[in-house]
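For reference, protein16.cif (mmCIF, C-alpha atoms):
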data_input
#
loop_
_atom_site.group_PDB
_atom_site.id
_atom_site.type_symbol
_atom_site.label_atom_id
_atom_site.label_comp_id
_atom_site.auth_asym_id
_atom_site.auth_seq_id
_atom_site.Cartn_x
_atom_site.Cartn_y
_atom_site.Cartn_z
ATOM 1 C CA MET A 992 44.872 69.333 75.758
ATOM 2 C CA ASN A 993 47.784 69.051 73.320
ATOM 3 C CA ASN A 994 50.205 68.361 76.161
ATOM 4 C CA ILE A 995 48.115 65.392 77.312
ATOM 5 C CA VAL A 996 48.049 63.853 73.833
ATOM 6 C CA LEU A 997 51.783 64.411 73.431
ATOM 7 C CA ALA A 998 52.493 62.837 76.816
ATOM 8 C CA GLN A 999 50.445 59.753 75.903
ATOM 9 C CA ALA A 1000 52.186 59.427 72.556
ATOM 10 C CA THR A 1001 55.658 59.518 74.103
ATOM 11 C CA ALA A 1002 54.724 57.222 76.972
ATOM 12 C CA SER A 1003 53.386 54.481 74.677
ATOM 13 C CA ALA A 1004 56.130 54.771 72.044
ATOM 14 C CA GLY A 1005 58.478 52.229 73.638
ATOM 15 C CA ILE A 1006 57.811 48.732 74.880
ATOM 16 C CA ASN A 1007 60.218 46.782 77.036
ATOM 17 C CA PRO A 1008 62.487 44.877 74.587
ATOM 18 C CA GLY A 1009 62.242 41.725 76.689
ATOM 19 C CA LEU A 1010 58.472 41.855 76.532
ATOM 20 C CA ALA A 1011 58.621 42.403 72.782
ATOM 21 C CA ALA A 1012 60.886 39.350 72.408
ATOM 22 C CA ILE A 1013 58.477 37.206 74.394
ATOM 23 C CA GLY A 1014 55.637 38.460 72.233
ATOM 24 C CA TYR A 1015 57.505 37.602 69.051
ATOM 25 C CA GLY A 1016 58.382 34.165 70.400
ATOM 26 C CA LEU A 1017 54.732 33.479 71.109
ATOM 27 C CA GLY A 1018 53.783 34.893 67.716
ATOM 28 C CA ALA A 1019 56.251 32.594 65.953
ATOM 29 C CA ILE A 1020 54.538 29.510 67.338
ATOM 30 C CA GLY A 1021 51.639 29.856 64.891
ATOM 31 C CA PRO A 1022 53.689 29.899 61.689
ATOM 32 C CA GLY A 1023 55.835 27.061 63.058
ATOM 33 C CA ILE A 1024 52.801 24.870 63.608
ATOM 34 C CA GLY A 1025 51.419 25.913 60.221
ATOM 35 C CA VAL A 1026 54.580 24.899 58.367
ATOM 36 C CA GLY A 1027 54.567 21.548 60.162
ATOM 37 C CA LEU A 1028 50.965 20.909 59.165
ATOM 38 C CA ILE A 1029 51.613 21.908 55.544
ATOM 39 C CA PHE A 1030 54.485 19.497 55.028
ATOM 40 C CA ALA A 1031 52.778 16.742 57.040
ATOM 41 C CA ALA A 1032 49.881 16.982 54.602
ATOM 42 C CA VAL A 1033 52.287 16.815 51.638
ATOM 43 C CA ILE A 1034 53.949 13.689 53.018
ATOM 44 C CA ASN A 1035 50.561 12.119 53.695
ATOM 45 C CA GLY A 1036 49.242 13.015 50.237
ATOM 46 C CA THR A 1037 52.378 11.740 48.510
ATOM 47 C CA ALA A 1038 52.147 8.463 50.412
ATOM 48 C CA ARG A 1039 48.548 8.026 49.291
ATOM 49 C CA GLN A 1040 49.022 9.155 45.699
ATOM 50 C CA PRO A 1041 52.667 9.266 44.576
ATOM 51 C CA GLU A 1042 51.916 10.588 41.081
ATOM 52 C CA ALA A 1043 50.549 13.831 42.581
ATOM 53 C CA GLN A 1044 53.839 14.681 44.293
ATOM 54 C CA GLY A 1045 54.771 17.548 41.941
ATOM 55 C CA LYS A 1046 51.414 19.263 42.268
ATOM 56 C CA LEU A 1047 51.359 18.803 46.028
ATOM 57 C CA GLN A 1048 54.840 20.255 46.414
ATOM 58 C CA SER A 1049 54.027 23.340 44.358
ATOM 59 C CA ILE A 1050 50.943 23.979 46.461
ATOM 60 C CA ALA A 1051 52.942 23.328 49.645
ATOM 61 C CA PHE A 1052 55.684 25.796 48.784
ATOM 62 C CA SER A 1053 53.209 28.545 47.925
ATOM 63 C CA THR A 1054 51.350 28.076 51.224
ATOM 64 C CA PHE A 1055 54.715 27.806 53.030
ATOM 65 C CA VAL A 1056 55.641 31.248 51.703
ATOM 66 C CA LEU A 1057 52.321 32.715 52.842
ATOM 67 C CA THR A 1058 52.790 31.204 56.292
ATOM 68 C CA GLU A 1059 56.350 32.456 56.636
ATOM 69 C CA VAL A 1060 55.241 35.994 55.740
ATOM 70 C CA LEU A 1061 53.382 36.013 59.050
ATOM 71 C CA ALA A 1062 56.620 35.274 60.910
ATOM 72 C CA LEU A 1063 58.448 37.977 58.970
ATOM 73 C CA ILE A 1064 55.740 40.510 59.753
ATOM 74 C CA GLY A 1065 56.059 39.483 63.403
ATOM 75 C CA ILE A 1066 59.800 40.129 63.468
ATOM 76 C CA VAL A 1067 59.313 43.538 61.844
ATOM 77 C CA ILE A 1068 56.750 44.428 64.486
ATOM 78 C CA TYR A 1069 59.190 43.167 67.156
ATOM 79 C CA PHE A 1070 61.899 45.546 65.933
ATOM 80 C CA LEU A 1071 59.444 48.417 65.735
ATOM 81 C CA ALA A 1072 58.169 47.748 69.250
ATOM 82 C CA SER A 1073 61.585 47.308 70.847
ATOM 83 C CA ARG A 1074 63.300 50.362 69.362
ATOM 84 C CA GLY A 1075 61.768 52.733 71.902
#
Translate this structure into structure tokens?
Amino acid sequence: MNNIVLAQATASAGINPGLAAIGYGLGAIGPGIGVGLIFAAVINGTARQPEAQGKLQSIAFSTFVLTEVLALIGIVIYFLASRG
């Protein structure tokens, strides 16, 4: 029984690096769209109410950071998946 579990653990430890790169590329689409939507909303809000530009930009940069964390987590998972 232990040999079966060990064989499964070693067989699933490595993923094809090309497949991992494709997966990361697809995973980076979401944060890219999110960043575009964030700054599109800032531009739209600033055009409608110019005096709120400072507040809108501070909110935009904080949500930008949260969105980019998803891309960074994705690249870490890519390196972990492709090292095998």
**Study point:** Residues matched by the PyMOL selection byres ((chain A and resi 1025) around 12), written as a ChimeraX atom specification
**Key:** /A:1018-1024,1026-1032,1051,1054-1062
Residue subset to file, keeping C-alpha atoms, as a CSV table (one decimal), keeping the file's coordinate frame:
chain,number,residue,atom,x,y,z
A,1018,GLY,CA,53.8,34.9,67.7
A,1019,ALA,CA,56.3,32.6,66.0
A,1020,ILE,CA,54.5,29.5,67.3
A,1021,GLY,CA,51.6,29.9,64.9
A,1022,PRO,CA,53.7,29.9,61.7
A,1023,GLY,CA,55.8,27.1,63.1
A,1024,ILE,CA,52.8,24.9,63.6
A,1026,VAL,CA,54.6,24.9,58.4
A,1027,GLY,CA,54.6,21.5,60.2
A,1028,LEU,CA,51.0,20.9,59.2
A,1029,ILE,CA,51.6,21.9,55.5
A,1030,PHE,CA,54.5,19.5,55.0
A,1031,ALA,CA,52.8,16.7,57.0
A,1032,ALA,CA,49.9,17.0,54.6
A,1051,ALA,CA,52.9,23.3,49.6
A,1054,THR,CA,51.4,28.1,51.2
A,1055,PHE,CA,54.7,27.8,53.0
A,1056,VAL,CA,55.6,31.2,51.7
A,1057,LEU,CA,52.3,32.7,52.8
A,1058,THR,CA,52.8,31.2,56.3
A,1059,GLU,CA,56.4,32.5,56.6
A,1060,VAL,CA,55.2,36.0,55.7
A,1061,LEU,CA,53.4,36.0,59.0
A,1062,ALA,CA,56.6,35.3,60.9
All residues 8 Å or closer to region 1033-1035 of chain A, only C-alpha atoms, same chain fewer than 5 positions away omitted, as a PDB file with C-alpha atoms, keeping the file's coordinate frame:
ATOM      1  CA  GLN A1044      53.839  14.681  44.293  1.00  0.00           C
ATOM      2  CA  LEU A1047      51.359  18.803  46.028  1.00  0.00           C
ATOM      3  CA  GLN A1048      54.840  20.255  46.414  1.00  0.00           C
ATOM      4  CA  ALA A1051      52.942  23.328  49.645  1.00  0.00           C
TER       5      ALA A1051
END
Practice item. For CA of Ala1038 (chain A) and CA of Phe1052 (chain A), determine how far apart the two atoms are, in Å to one decimal place. Key: 17.8 Å
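In this structure, CA of Ile1064 (chain A) sits 17.3 Å away from CA of Ile1006 (chain A).
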Practice item. Taking the file above as input, evaluate the PyMOL selection byres ((chain A and resi 1007) around 10) and report the hits as a list in words. Key: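 For this structure, the PyMOL selection byres ((chain A and resi 1007) around 10) captures Gly1005, Ile1006, Pro1008, Gly1009, Leu1010, Ala1011, Ala1012, Ala1072, Ser1073, Arg1074 and Gly1075 of chain A.
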Mind working out the centre and edge lengths of an axis-aligned box for region 1053-1072 of chain A, all listed atoms inside, 4 Å added to each side, rounded to one decimal in Å and written as JSON?
{"center_x": 56.6, "center_y": 38.1, "center_z": 58.6, "size_x": 18.5, "size_y": 28.6, "size_z": 29.3}
Review point. Distance CA of Tyr1015 (chain A)-CA of Ser1053 (chain A), one decimal place?
Key: 23.4 Å
